[in-house]
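Participant: Below is the file work05.csv, with CSV, C-alpha atoms and all ligand atoms.
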```csv
chain,number,residue,atom,x,y,z
A,20,MET,CA,18.8,-67.4,19.5
A,21,ILE,CA,16.5,-70.2,18.4
A,22,LYS,CA,12.9,-69.2,18.8
A,23,ARG,CA,9.8,-71.4,19.4
A,24,ILE,CA,7.4,-70.4,16.7
A,25,LEU,CA,3.8,-71.4,16.3
A,26,VAL,CA,2.2,-71.2,12.9
A,27,THR,CA,-1.6,-71.7,12.9
A,28,GLY,CA,-2.9,-72.7,9.5
A,29,GLY,CA,0.6,-74.0,8.9
A,30,ALA,CA,-0.3,-76.8,6.6
A,31,GLY,CA,-2.1,-74.4,4.2
A,32,PHE,CA,-0.8,-72.6,1.1
A,33,LEU,CA,0.9,-69.7,2.8
A,34,GLY,CA,1.5,-71.4,6.1
A,35,SER,CA,3.4,-74.3,4.6
A,36,HIS,CA,5.8,-71.9,2.7
A,37,LEU,CA,6.3,-70.0,6.0
A,38,CYS,CA,7.0,-73.2,7.9
A,39,ASP,CA,9.6,-74.1,5.2
A,40,ARG,CA,11.4,-70.8,5.7
A,41,LEU,CA,11.3,-70.9,9.5
A,42,VAL,CA,12.6,-74.5,9.6
A,43,GLU,CA,15.4,-73.7,7.1
A,44,ALA,CA,16.3,-70.7,9.4
A,45,GLY,CA,16.8,-73.3,12.3
A,46,GLN,CA,13.8,-72.1,14.4
A,47,ASP,CA,11.8,-74.5,16.5
A,48,VAL,CA,8.5,-74.7,14.5
A,49,ILE,CA,5.1,-75.9,15.7
A,50,CYS,CA,2.5,-76.1,12.9
A,51,VAL,CA,-1.1,-76.2,14.0
A,52,ASP,CA,-3.9,-77.1,11.5
A,53,ASN,CA,-7.2,-78.9,11.3
A,54,PHE,CA,-6.7,-79.6,7.6
A,55,PHE,CA,-10.1,-78.1,6.6
A,56,THR,CA,-8.7,-76.6,3.4
A,57,SER,CA,-5.2,-78.2,3.2
A,58,GLN,CA,-3.4,-81.5,2.9
A,59,LYS,CA,-0.8,-83.0,5.1
A,60,ALA,CA,1.2,-83.4,1.9
A,61,ASN,CA,2.0,-79.7,2.1
A,62,VAL,CA,4.2,-80.2,5.1
A,63,SER,CA,5.0,-84.0,4.9
A,64,HIS,CA,8.5,-83.1,3.7
A,65,LEU,CA,9.1,-81.4,7.0
A,66,LEU,CA,8.0,-84.2,9.3
A,67,GLU,CA,11.5,-85.7,9.5
A,68,ARG,CA,13.1,-82.5,10.5
A,69,PRO,CA,13.9,-82.3,14.2
A,70,ASN,CA,12.9,-78.7,14.5
A,71,PHE,CA,9.3,-79.3,13.1
A,72,GLU,CA,6.2,-80.5,14.8
A,73,LEU,CA,2.7,-81.0,13.4
A,74,VAL,CA,-0.3,-80.7,15.6
A,75,ARG,CA,-3.9,-81.3,14.5
A,76,HIS,CA,-6.0,-78.7,16.4
A,77,ASP,CA,-8.9,-76.4,15.7
A,78,VAL,CA,-8.1,-72.8,16.7
A,79,THR,CA,-11.7,-72.2,17.8
A,80,HIS,CA,-10.6,-74.1,20.9
A,81,PRO,CA,-8.0,-72.9,23.4
A,82,LEU,CA,-4.4,-74.1,22.9
A,83,PHE,CA,-1.8,-74.3,25.7
A,84,LEU,CA,1.8,-74.1,24.5
A,85,GLU,CA,5.0,-72.2,25.4
A,86,VAL,CA,6.2,-70.2,22.4
A,87,ASP,CA,8.0,-67.0,21.6
A,88,GLU,CA,6.2,-66.0,18.4
A,89,ILE,CA,2.8,-66.8,16.8
A,90,TYR,CA,1.8,-66.4,13.2
A,91,ASN,CA,-2.0,-66.7,13.1
A,92,LEU,CA,-2.9,-67.8,9.6
A,93,ALA,CA,-5.6,-70.3,10.4
A,94,CYS,CA,-8.7,-69.4,8.3
A,95,PRO,CA,-10.2,-70.6,5.1
A,96,ALA,CA,-9.2,-68.0,2.5
A,97,ALA,CA,-10.8,-68.8,-0.9
A,98,PRO,CA,-14.4,-67.5,-1.3
A,99,GLY,CA,-15.7,-71.1,-2.0
A,100,HIS,CA,-14.0,-72.4,1.1
A,101,TYR,CA,-15.0,-69.6,3.4
A,102,GLN,CA,-18.6,-69.6,2.2
A,103,TYR,CA,-18.9,-73.3,2.6
A,104,ASN,CA,-19.6,-73.0,6.3
A,105,PRO,CA,-19.8,-69.3,7.0
A,106,ILE,CA,-20.6,-69.6,10.7
A,107,LYS,CA,-17.5,-71.7,11.2
A,108,THR,CA,-15.5,-69.1,9.2
A,109,ILE,CA,-16.4,-66.2,11.4
A,110,LYS,CA,-15.8,-68.4,14.5
A,111,THR,CA,-12.4,-69.3,13.2
A,112,SER,CA,-11.5,-65.6,12.7
A,113,VAL,CA,-12.9,-64.3,15.9
A,114,MET,CA,-12.5,-67.2,18.4
A,115,GLY,CA,-9.2,-68.1,16.7
A,116,ALA,CA,-7.9,-64.6,17.3
A,117,ILE,CA,-9.2,-64.6,20.9
A,118,ASN,CA,-7.5,-67.9,21.7
A,119,MET,CA,-4.2,-67.0,20.0
A,120,LEU,CA,-4.2,-63.6,21.7
A,121,GLY,CA,-4.9,-65.2,25.0
A,122,LEU,CA,-2.0,-67.5,24.4
A,123,ALA,CA,0.2,-64.6,23.4
A,124,LYS,CA,-0.8,-62.7,26.5
A,125,ARG,CA,-0.1,-65.6,28.8
A,126,VAL,CA,3.3,-66.5,27.5
A,127,ARG,CA,4.3,-63.0,26.4
A,128,ALA,CA,4.7,-64.0,22.7
A,129,ARG,CA,4.8,-61.7,19.8
A,130,ILE,CA,1.8,-62.4,17.5
A,131,LEU,CA,1.3,-61.6,13.8
A,132,HIS,CA,-2.2,-61.8,12.4
A,133,ALA,CA,-2.9,-62.5,8.7
A,134,SER,CA,-5.6,-60.1,7.8
A,135,THR,CA,-6.7,-59.4,4.3
A,136,SER,CA,-7.5,-56.8,1.6
A,137,GLU,CA,-11.1,-58.0,2.0
A,138,VAL,CA,-11.3,-55.6,5.0
A,139,TYR,CA,-11.6,-52.9,2.3
A,140,GLY,CA,-14.6,-54.7,0.7
A,141,ASP,CA,-15.5,-53.4,-2.7
A,142,PRO,CA,-13.3,-50.3,-2.4
A,143,ASP,CA,-14.2,-46.8,-3.6
A,144,VAL,CA,-10.7,-45.6,-3.0
A,145,HIS,CA,-8.0,-46.9,-5.5
A,146,PRO,CA,-5.3,-48.0,-4.8
A,147,GLN,CA,-6.1,-48.8,-1.2
A,148,PRO,CA,-3.9,-47.3,1.6
A,149,GLU,CA,-4.1,-48.6,5.1
A,150,SER,CA,-6.0,-45.5,6.2
A,151,TYR,CA,-9.0,-46.4,4.0
A,152,ARG,CA,-11.8,-47.8,6.2
A,153,GLY,CA,-13.4,-49.9,3.5
A,154,ASN,CA,-16.8,-50.6,1.9
A,155,VAL,CA,-17.9,-53.9,3.3
A,156,ASN,CA,-21.5,-55.3,3.1
A,157,PRO,CA,-22.0,-56.6,6.7
A,158,ILE,CA,-24.8,-59.0,5.7
A,159,GLY,CA,-23.6,-60.4,2.4
A,160,PRO,CA,-22.1,-63.7,1.5
A,161,ARG,CA,-18.5,-62.5,1.9
A,162,ALA,CA,-19.2,-60.9,5.3
A,163,CYS,CA,-18.3,-64.1,7.3
A,164,TYR,CA,-14.8,-63.6,6.1
A,165,ASP,CA,-14.6,-59.8,5.7
A,166,GLU,CA,-16.2,-59.0,9.0
A,167,GLY,CA,-14.5,-61.9,10.8
A,168,LYS,CA,-11.2,-60.5,9.7
A,169,ARG,CA,-12.2,-56.9,10.7
A,170,ALA,CA,-13.2,-58.1,14.2
A,171,ALA,CA,-9.9,-60.0,14.5
A,172,GLU,CA,-8.0,-56.7,13.7
A,173,THR,CA,-10.1,-55.0,16.4
A,174,LEU,CA,-9.2,-57.7,18.9
A,175,MET,CA,-5.5,-57.4,18.0
A,176,PHE,CA,-5.5,-53.7,18.7
A,177,ASP,CA,-7.6,-54.0,21.9
A,178,TYR,CA,-5.3,-56.6,23.3
A,179,ARG,CA,-2.4,-54.3,22.5
A,180,ARG,CA,-4.1,-51.3,24.2
A,181,GLN,CA,-5.6,-53.2,27.2
A,182,ASN,CA,-3.0,-55.9,27.8
A,183,ASN,CA,0.1,-54.7,26.1
A,184,VAL,CA,0.3,-57.7,23.8
A,185,ASN,CA,3.1,-57.3,21.2
A,186,ILE,CA,1.1,-57.5,17.9
A,187,ARG,CA,1.6,-57.2,14.2
A,188,VAL,CA,-1.3,-57.0,11.6
A,189,VAL,CA,-0.7,-57.5,7.9
A,190,ARG,CA,-3.3,-57.1,5.2
A,191,ILE,CA,-2.5,-59.6,2.5
A,192,PHE,CA,-3.7,-59.0,-1.1
A,193,ASN,CA,-4.3,-61.9,-3.6
A,194,THR,CA,-1.3,-64.2,-3.4
A,195,TYR,CA,-0.6,-67.2,-5.6
A,196,GLY,CA,2.0,-69.9,-6.1
A,197,PRO,CA,2.7,-73.6,-5.7
A,198,ARG,CA,0.6,-75.5,-3.1
A,199,MET,CA,-2.6,-73.5,-3.7
A,200,HIS,CA,-5.3,-76.0,-3.4
A,201,PRO,CA,-6.2,-76.9,-7.0
A,202,TYR,CA,-9.9,-77.1,-6.2
A,203,ASP,CA,-10.1,-74.0,-4.0
A,204,GLY,CA,-12.0,-72.0,-6.8
A,205,ARG,CA,-9.6,-69.1,-6.6
A,206,VAL,CA,-9.0,-67.4,-9.9
A,207,VAL,CA,-5.3,-68.4,-10.4
A,208,SER,CA,-5.8,-72.0,-9.4
A,209,ASN,CA,-8.9,-72.3,-11.5
A,210,PHE,CA,-7.4,-70.9,-14.6
A,211,ILE,CA,-4.2,-72.9,-14.4
A,212,ARG,CA,-6.1,-76.2,-13.7
A,213,GLN,CA,-8.6,-75.5,-16.5
A,214,ALA,CA,-5.8,-74.6,-19.0
A,215,LEU,CA,-3.8,-77.7,-18.2
A,216,ALA,CA,-6.9,-79.9,-18.5
A,217,GLY,CA,-7.9,-78.2,-21.8
A,218,GLU,CA,-11.2,-77.1,-20.2
A,219,ASP,CA,-12.9,-73.8,-20.7
A,220,ILE,CA,-11.4,-70.9,-18.7
A,221,THR,CA,-14.3,-69.5,-16.7
A,222,ILE,CA,-14.4,-65.8,-16.4
A,223,TYR,CA,-17.1,-64.5,-14.0
A,224,GLY,CA,-18.8,-61.3,-15.2
A,225,ASP,CA,-17.2,-59.7,-18.2
A,226,GLY,CA,-13.6,-60.0,-16.9
A,227,HIS,CA,-13.0,-56.3,-16.4
A,228,GLN,CA,-12.8,-56.6,-12.7
A,229,SER,CA,-9.2,-56.4,-11.5
A,230,ARG,CA,-6.9,-57.9,-8.9
A,231,SER,CA,-3.2,-57.4,-8.1
A,232,PHE,CA,-1.3,-60.7,-7.8
A,233,CYS,CA,1.6,-61.3,-5.4
A,234,TYR,CA,3.9,-64.4,-5.7
A,235,VAL,CA,4.1,-66.4,-2.5
A,236,ASP,CA,7.9,-66.0,-2.0
A,237,ASP,CA,7.6,-62.2,-1.9
A,238,LEU,CA,4.7,-62.4,0.5
A,239,ILE,CA,6.5,-64.7,2.9
A,240,ASP,CA,9.5,-62.2,2.9
A,241,GLY,CA,7.0,-59.5,3.9
A,242,LEU,CA,5.6,-61.7,6.8
A,243,LEU,CA,9.0,-62.4,8.2
A,244,LYS,CA,10.1,-58.7,7.9
A,245,MET,CA,6.9,-57.6,9.7
A,246,MET,CA,7.4,-60.1,12.5
A,247,ASP,CA,11.0,-59.0,12.9
A,248,GLY,CA,10.2,-55.3,12.6
A,249,PRO,CA,10.1,-52.7,15.4
A,250,ASP,CA,7.5,-53.2,18.2
A,251,ASP,CA,6.2,-49.6,17.7
A,252,PHE,CA,5.0,-50.6,14.2
A,253,PRO,CA,2.0,-52.9,14.8
A,254,GLY,CA,0.5,-52.2,11.4
A,255,PRO,CA,-1.8,-52.7,9.8
A,256,VAL,CA,0.4,-52.9,6.8
A,257,ASN,CA,-0.6,-53.9,3.2
A,258,LEU,CA,1.4,-56.7,1.7
A,259,GLY,CA,0.8,-57.3,-2.0
A,260,ASN,CA,2.0,-56.7,-5.5
A,261,PRO,CA,0.8,-53.4,-6.9
A,262,ASP,CA,0.8,-54.6,-10.5
A,263,GLU,CA,-2.9,-54.7,-11.4
A,264,PHE,CA,-4.5,-56.9,-14.1
A,265,THR,CA,-8.0,-57.5,-15.2
A,266,ILE,CA,-9.3,-61.0,-14.8
A,267,ARG,CA,-9.4,-61.3,-18.6
A,268,GLU,CA,-5.8,-60.3,-18.9
A,269,LEU,CA,-4.9,-63.0,-16.3
A,270,ALA,CA,-6.8,-65.6,-18.4
A,271,GLU,CA,-5.0,-64.6,-21.5
A,272,ARG,CA,-1.6,-64.7,-19.7
A,273,VAL,CA,-2.4,-68.2,-18.4
A,274,VAL,CA,-3.4,-69.5,-21.9
A,275,GLU,CA,-0.2,-68.0,-23.4
A,276,LEU,CA,2.1,-69.5,-20.8
A,277,THR,CA,0.5,-73.0,-20.8
A,278,GLY,CA,0.2,-73.1,-24.6
A,279,SER,CA,-3.3,-74.3,-23.9
A,280,ALA,CA,-6.1,-74.7,-26.5
A,281,SER,CA,-8.7,-73.8,-23.9
A,282,SER,CA,-11.3,-71.1,-24.8
A,283,ILE,CA,-11.9,-68.2,-22.5
A,284,VAL,CA,-15.6,-68.0,-21.7
A,285,GLU,CA,-17.9,-65.8,-19.6
A,286,SER,CA,-19.3,-68.6,-17.6
A,287,ARG,CA,-21.5,-66.8,-15.1
A,288,ALA,CA,-22.5,-63.5,-13.7
A,289,LEU,CA,-20.2,-61.8,-11.2
A,290,PRO,CA,-20.8,-63.2,-7.8
A,291,GLN,CA,-22.6,-60.9,-5.3
A,292,ASP,CA,-20.3,-58.3,-3.6
A,293,ASP,CA,-17.3,-59.4,-5.8
A,294,PRO,CA,-14.9,-56.4,-5.6
A,295,MET,CA,-14.5,-54.6,-8.9
A,296,HIS,CA,-10.9,-53.4,-8.3
A,297,ARG,CA,-8.2,-54.2,-5.9
A,298,GLN,CA,-4.7,-52.8,-5.7
A,299,PRO,CA,-2.5,-52.3,-2.7
A,300,ASP,CA,-0.8,-49.0,-1.9
A,301,ILE,CA,2.4,-50.4,-0.4
A,302,THR,CA,4.1,-47.1,0.5
A,303,LEU,CA,4.0,-48.0,4.2
A,304,ALA,CA,5.6,-51.4,3.7
A,305,ARG,CA,8.3,-49.9,1.5
A,306,ARG,CA,9.1,-47.2,4.1
A,307,LYS,CA,8.7,-49.2,7.3
A,308,LEU,CA,9.9,-52.6,6.2
A,309,ASP,CA,12.0,-51.9,3.2
A,310,TRP,CA,9.8,-54.5,1.5
A,311,GLU,CA,8.4,-54.7,-2.0
A,312,PRO,CA,7.7,-57.6,-4.3
A,313,THR,CA,10.3,-58.7,-6.8
A,314,ILE,CA,8.6,-61.4,-8.8
A,315,ALA,CA,6.5,-60.3,-11.8
A,316,LEU,CA,3.3,-62.1,-12.7
A,317,ARG,CA,4.7,-63.8,-15.8
A,318,GLU,CA,7.6,-65.4,-13.8
A,319,GLY,CA,5.3,-66.3,-10.8
A,320,LEU,CA,2.8,-67.9,-13.1
A,321,LYS,CA,5.4,-69.9,-14.9
A,322,ARG,CA,6.6,-71.4,-11.5
A,323,THR,CA,3.0,-72.0,-10.4
A,324,ILE,CA,2.1,-73.7,-13.7
A,325,ASP,CA,5.2,-75.9,-13.4
A,326,TRP,CA,4.1,-77.0,-10.0
A,327,PHE,CA,0.5,-77.7,-11.1
A,328,GLY,CA,2.0,-79.9,-13.8
A,329,THR,CA,3.6,-82.1,-11.2
A,330,ILE,CA,0.7,-82.8,-8.8
A,331,ASP,CA,-1.7,-85.7,-8.7
A,332,MET,CA,-5.2,-84.0,-8.8
A,333,ALA,CA,-6.8,-87.1,-7.4
A,334,ALA,CA,-4.9,-86.7,-4.1
A,335,TYR,CA,-6.8,-83.4,-3.4
A,336,ARG,CA,-10.2,-83.4,-1.8
A,337,ALA,CA,-12.9,-80.8,-1.4
A,338,PRO,CA,-13.4,-79.2,2.0
A,339,THR,CA,-14.6,-81.7,4.6
A,340,PRO,CA,-18.4,-82.2,4.5
A,341,ASN,CA,-20.2,-81.7,7.8
A,342,TYR,CA,-17.4,-79.6,9.0
B,401,LIG,P1,-5.4,-71.9,3.0
B,401,LIG,O1,-6.8,-72.3,3.0
B,401,LIG,O2,-4.4,-72.7,2.1
B,401,LIG,O3,-4.8,-72.0,4.5
B,401,LIG,C1,-5.5,-71.8,5.7
B,401,LIG,C2,-5.2,-72.9,6.6
B,401,LIG,O4,-5.9,-72.8,7.8
B,401,LIG,C3,-5.5,-74.3,6.1
B,401,LIG,O5,-4.4,-75.2,6.2
B,401,LIG,C4,-6.7,-74.7,6.9
B,401,LIG,O6,-6.9,-76.1,7.0
B,401,LIG,C5,-6.4,-74.0,8.2
B,401,LIG,N1,-7.6,-73.8,9.0
B,401,LIG,C6,-8.8,-73.3,8.7
B,401,LIG,N2,-9.7,-73.3,9.7
B,401,LIG,C7,-8.9,-73.7,10.8
B,401,LIG,C8,-9.3,-73.9,12.2
B,401,LIG,N3,-10.5,-73.6,12.6
B,401,LIG,N4,-8.3,-74.4,13.0
B,401,LIG,C9,-7.1,-74.7,12.5
B,401,LIG,N5,-6.7,-74.5,11.2
B,401,LIG,C10,-7.7,-74.1,10.4
B,401,LIG,O7,-5.3,-70.3,2.7
B,401,LIG,P2,-4.0,-69.4,2.6
B,401,LIG,O8,-4.1,-68.7,1.3
B,401,LIG,O9,-2.8,-70.1,2.9
B,401,LIG,O10,-4.4,-68.3,3.7
B,401,LIG,C11,-3.7,-68.2,4.9
B,401,LIG,C12,-4.1,-67.0,5.7
B,401,LIG,O11,-3.8,-65.8,4.9
B,401,LIG,C13,-5.6,-66.9,5.9
B,401,LIG,O12,-5.8,-66.4,7.2
B,401,LIG,C14,-6.1,-66.0,4.9
B,401,LIG,O13,-7.3,-65.3,5.3
B,401,LIG,C15,-4.9,-65.0,4.7
B,401,LIG,N6,-4.9,-64.4,3.4
B,401,LIG,C16,-4.5,-65.1,2.3
B,401,LIG,C17,-4.6,-64.5,1.0
B,401,LIG,C18,-4.2,-65.2,-0.2
B,401,LIG,O14,-4.3,-64.6,-1.3
B,401,LIG,N7,-3.6,-66.4,-0.2
B,401,LIG,C19,-5.1,-63.2,0.9
B,401,LIG,C20,-5.5,-62.5,2.1
B,401,LIG,C21,-5.4,-63.1,3.3
B,402,LIG,N1,-13.0,-65.4,-10.9
B,402,LIG,C1,-13.2,-65.7,-12.3
B,402,LIG,N2,-13.2,-67.0,-12.6
B,402,LIG,C2,-12.9,-68.0,-11.8
B,402,LIG,C3,-12.6,-67.7,-10.4
B,402,LIG,C4,-12.7,-66.4,-10.0
B,402,LIG,O1,-13.5,-64.8,-13.1
B,402,LIG,O2,-12.9,-69.2,-12.2
B,402,LIG,C5,-13.0,-64.0,-10.5
B,402,LIG,C6,-13.8,-63.6,-9.3
B,402,LIG,O3,-15.1,-63.4,-9.6
B,402,LIG,C7,-13.1,-62.4,-8.8
B,402,LIG,C8,-11.6,-62.6,-9.2
B,402,LIG,O4,-11.6,-63.7,-10.2
B,402,LIG,O5,-13.5,-61.3,-9.5
B,402,LIG,C9,-10.7,-63.1,-8.0
B,402,LIG,O6,-11.4,-64.2,-7.4
B,402,LIG,P1,-10.8,-65.1,-6.3
B,402,LIG,O7,-11.8,-66.1,-5.9
B,402,LIG,O8,-9.5,-65.6,-6.7
B,402,LIG,O9,-10.4,-64.1,-5.1
B,402,LIG,P2,-11.1,-62.8,-4.4
B,402,LIG,O10,-10.1,-61.7,-4.8
B,402,LIG,O11,-12.4,-62.5,-5.1
B,402,LIG,O12,-11.2,-63.1,-3.0
```
Written as structure tokens, how would this file's structure read?

Facilitator:
Amino acid sequence: MIKRILVTGGAGFLGSHLCDRLVEAGQDVICVDNFFTSQKANVSHLLERPNFELVRHDVTHPLFLEVDEIYNLACPAAPGHYQYNPIKTIKTSVMGAINMLGLAKRVRARILHASTSEVYGDPDVHPQPESYRGNVNPIGPRACYDEGKRAAETLMFDYRRQNNVNIRVVRIFNTYGPRMHPYDGRVVSNFIRQALAGEDITIYGDGHQSRSFCYVDDLIDGLLKMMDGPDDFPGPVNLGNPDEFTIRELAERVVELTGSASSIVESRALPQDDPMHRQPDITLARRKLDWEPTIALREGLKRTIDWFGTIDMAAYRAPTPNY
């Protein structure tokens, strides 16, 4: 049966790949976005498709539609983007979740919420299982995002308990791939852009901090499996690639794969509250969803580098001022 599926943040990096997959599957897709951190170009190839619709809308305002499923992805995700207007970021997480849960409740839609490994903060448990409650600074520069996402998880589970809304919560770990915003300041996009331009590769701190990088196609598989999974498994579930690398190793890998002459430099101190280590424990996703990533960092980076080589950097703008 064809489903009417709403994707908020659908023009963004992950959202646009999700829309691709849903349109290909023949679903009736409504993509909602205010283009704060994305470009229409991410979905322009879908505009001619009869089962795709693009709506400019800000999720902090109510939305009235009739849909069967909602993927709630709308939220700036890169630290530079979400710290640009922190009050708007937390409003987007919290009011966006309330509005989408209200919609899900009214039309009895199933709703999947994109949460984040940032709910674990700077973790003192490693790797992080879903049962770990996190180490988040509630008043630091990352709090607008971390606490906004934590509150959104709370809302999801309260709407489930109080109103029987059919929810899914996924905690996404660092994901990369084509259509990342080249100026989003995230580590993979920064390093690839810098390497291709022959600029210095900017490590923050000494580069010993670690992240575990998941290729976008694997992540989208996980989102789809979670949405289609059993109603008695609302999550939260970690989705990410458990292969962990230091930021210095990532820089070296990017230099090697691009053949760049760029130097790797320690350009600034580690930003405040920057997590030292991050690695998903995906035991639950393996068991409940039969999901695990299949694309290794080297292969994923090659594909991402190829894409960065094709884009016109001048077509990308920084986040909208006075947003
Ligand atoms: P992205 O910035 O490319 O996409 C977010 C999209 O949401 C953008 O298109 C943006 O314009 C839109 N948006 C922002 N505020 C909005 C608002 N108020 N109303 C409507 N649209 C709005 O980022 P992404 O990497 O694709 O992230 C998508 C989701 O996944 C986010 O919720 C993010 O927190 C989550 N996530 C991503 C990662 C990752 O590594 N990519 C990791 C953890 C969680
Ligand atoms: N980082 C870096 N150089 C950059 C951008 C980021 O060393 O040019 C570091 C950053 O300090 C963090 C890690 O890379 O330790 C991942 O940063 P990112 O912004 O991609 O995402 P995060 O996982 O911190 O949300």

Participant: Out of A:Glu166, A:Asp240, A:Asp219, A:Asp262, which residue has the shortest atom-to-atom distance to ligand LIG 402 (chain B) when counting only C-alpha atoms and all ligand atoms?

Facilitator: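 Closest to ligand LIG 402 (chain B) of all the choices is A:Asp219.
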
Participant: Select from chain A every residue with an atom at most 7 Å from any atom of ligand LIG 402 (chain B), then for each give the shortest pair of atoms and their distance in Å to one decimal, using all atoms listed in the file, rows by chain and rising number, as CSV.

Facilitator:
```
residue,atom,partner,partner_atom,distance
A:Ala97,CA,B:LIG402,O7,5.8
A:Pro98,CA,B:LIG402,O7,5.5
A:Asn193,CA,B:LIG402,O10,5.9
A:Gly204,CA,B:LIG402,C3,5.6
A:Arg205,CA,B:LIG402,O8,3.5
A:Val206,CA,B:LIG402,C3,3.6
A:Val207,CA,B:LIG402,O8,6.3
A:Asn209,CA,B:LIG402,O2,5.1
A:Phe210,CA,B:LIG402,O2,6.2
A:Ile220,CA,B:LIG402,O2,6.9
A:Thr221,CA,B:LIG402,O2,4.7
A:Ile222,CA,B:LIG402,O1,3.6
A:Tyr223,CA,B:LIG402,O1,3.7
A:Gly224,CA,B:LIG402,O1,6.7
A:Gly226,CA,B:LIG402,O1,6.1
A:Gln228,CA,B:LIG402,O5,5.7
A:Ser229,CA,B:LIG402,O5,6.8
A:Arg230,CA,B:LIG402,O10,6.4
A:Ile266,CA,B:LIG402,O4,5.8
A:Leu289,CA,B:LIG402,O3,5.6
A:Pro290,CA,B:LIG402,O3,6.0
A:Asp293,CA,B:LIG402,O5,5.6
A:Pro294,CA,B:LIG402,O5,6.4
A:Met295,CA,B:LIG402,O5,6.8
```

Participant: Counting all atoms listed in the file, figure out which residue out of A:Trp310, A:Phe54, A:Tyr90, A:Tyr151 gets nearest to ligand LIG 401 (chain B).

Facilitator: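 With all atoms listed in the file as the atom set, the closest residue is A:Phe54.
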
Participant: Residues at most 10 Å from Leu242 in chain A, counting all atoms listed in the file, excluding those fewer than 3 positions away in the same chain, as a count of residues only?

Facilitator: 18

Participant: Report as JSON, numbers by chain which protein, DNA and RNA residues come within 6 Å of ligand LIG 401 (chain B), using all atoms listed in the file.

Facilitator: {"A": [28, 29, 30, 31, 32, 33, 34, 52, 53, 54, 55, 56, 57, 76, 77, 78, 79, 92, 93, 94, 95, 96, 111, 133, 134, 135, 191, 192, 193, 194]}

Participant: So the first atom is CA of Ile301 in chain A and the second is CA of Asn91 in chain A; what is the distance between them in Å, to one decimal place?

Facilitator: 21.6 Å

Participant: Within 6 Å of range 317-325 of chain A, counting all atoms listed in the file, which residues qualify if same-chain residues fewer than 3 places away don't, as a PDB file with C-alpha atoms, in the coordinates of the input?

Facilitator:
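For reference, result-v7.pdb as written:
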```pdb
ATOM      1  CA  GLY A 196       2.000 -69.900  -6.100  1.00  0.00           C
ATOM      2  CA  PRO A 197       2.700 -73.600  -5.700  1.00  0.00           C
ATOM      3  CA  TYR A 234       3.900 -64.400  -5.700  1.00  0.00           C
ATOM      4  CA  GLY A 328       2.000 -79.900 -13.800  1.00  0.00           C
TER       5      GLY A 328
END
```

Participant: Using all atoms listed in the file, which residue out of A:Val273, A:Ile109, A:Val86, A:Leu73 lies closest to Tyr164 in chain A?

Facilitator: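 Among the listed residues, the smallest separation from Tyr164 in chain A belongs to A:Ile109.
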
Participant: Identify which of the residues A:Leu308, A:Gly45, A:Val284, A:Pro148 lies closest to Glu218 in chain A, counting all atoms listed in the file when measuring atom-to-atom distances.

Facilitator: A:Val284

Participant: What gap, in Å, lies between CA of Ala162 in chain A and CA of Val113 in chain A?

Facilitator: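 Those two atoms sit 12.8 Å apart.
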
Participant: I need every residue sitting at most 10 Å from the point (-17.6, -54.5, 2.5) (coordinates as in the file, all atoms listed in the file considered), written as a PyMOL selection string.

Facilitator: chain A and resi 137-142+152-159+161-162+165-166+292-294

Participant: Go ahead and find all residues with at least one atom no further than 7 Å from (6.7, -65.6, 17.9) in the file's coordinates, using all atoms listed in the file; report them as a PDB file with C-alpha atoms, in the coordinates of the input.

Facilitator:
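Output below, filename result34.pdb:
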```
ATOM      1  CA  ARG A  23       9.800 -71.400  19.400  1.00  0.00           C
ATOM      2  CA  ILE A  24       7.400 -70.400  16.700  1.00  0.00           C
ATOM      3  CA  LEU A  25       3.800 -71.400  16.300  1.00  0.00           C
ATOM      4  CA  VAL A  86       6.200 -70.200  22.400  1.00  0.00           C
ATOM      5  CA  ASP A  87       8.000 -67.000  21.600  1.00  0.00           C
ATOM      6  CA  GLU A  88       6.200 -66.000  18.400  1.00  0.00           C
ATOM      7  CA  ILE A  89       2.800 -66.800  16.800  1.00  0.00           C
ATOM      8  CA  TYR A  90       1.800 -66.400  13.200  1.00  0.00           C
ATOM      9  CA  ALA A 128       4.700 -64.000  22.700  1.00  0.00           C
ATOM     10  CA  ARG A 129       4.800 -61.700  19.800  1.00  0.00           C
ATOM     11  CA  ILE A 130       1.800 -62.400  17.500  1.00  0.00           C
TER      12      ILE A 130
END
```

Participant: Just how far from CA of Asp300 in chain A is CA of Tyr101 in chain A, in Å to one decimal?

Facilitator: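 Atom-to-atom, CA of Tyr101 in chain A to CA of Asp300 in chain A, that is 25.6 Å.
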
Participant: For Glu275 in chain A, which of A:Leu120, A:Leu243, A:Ile211, A:Ala315 is the closest residue, counting all atoms listed in the file?

Facilitator: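 Residue with the minimum atom-to-atom distance to Glu275 in chain A: A:Ile211.
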
Participant: Nearest to Gln213 in chain A among A:Ile117, A:Ala270, A:Ala171, A:Leu122, with distances taken over all atoms listed in the file: which residue is it?

Facilitator: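 Comparing A:Ile117, A:Ala270, A:Ala171, A:Leu122 against Gln213 in chain A, the winner is A:Ala270.
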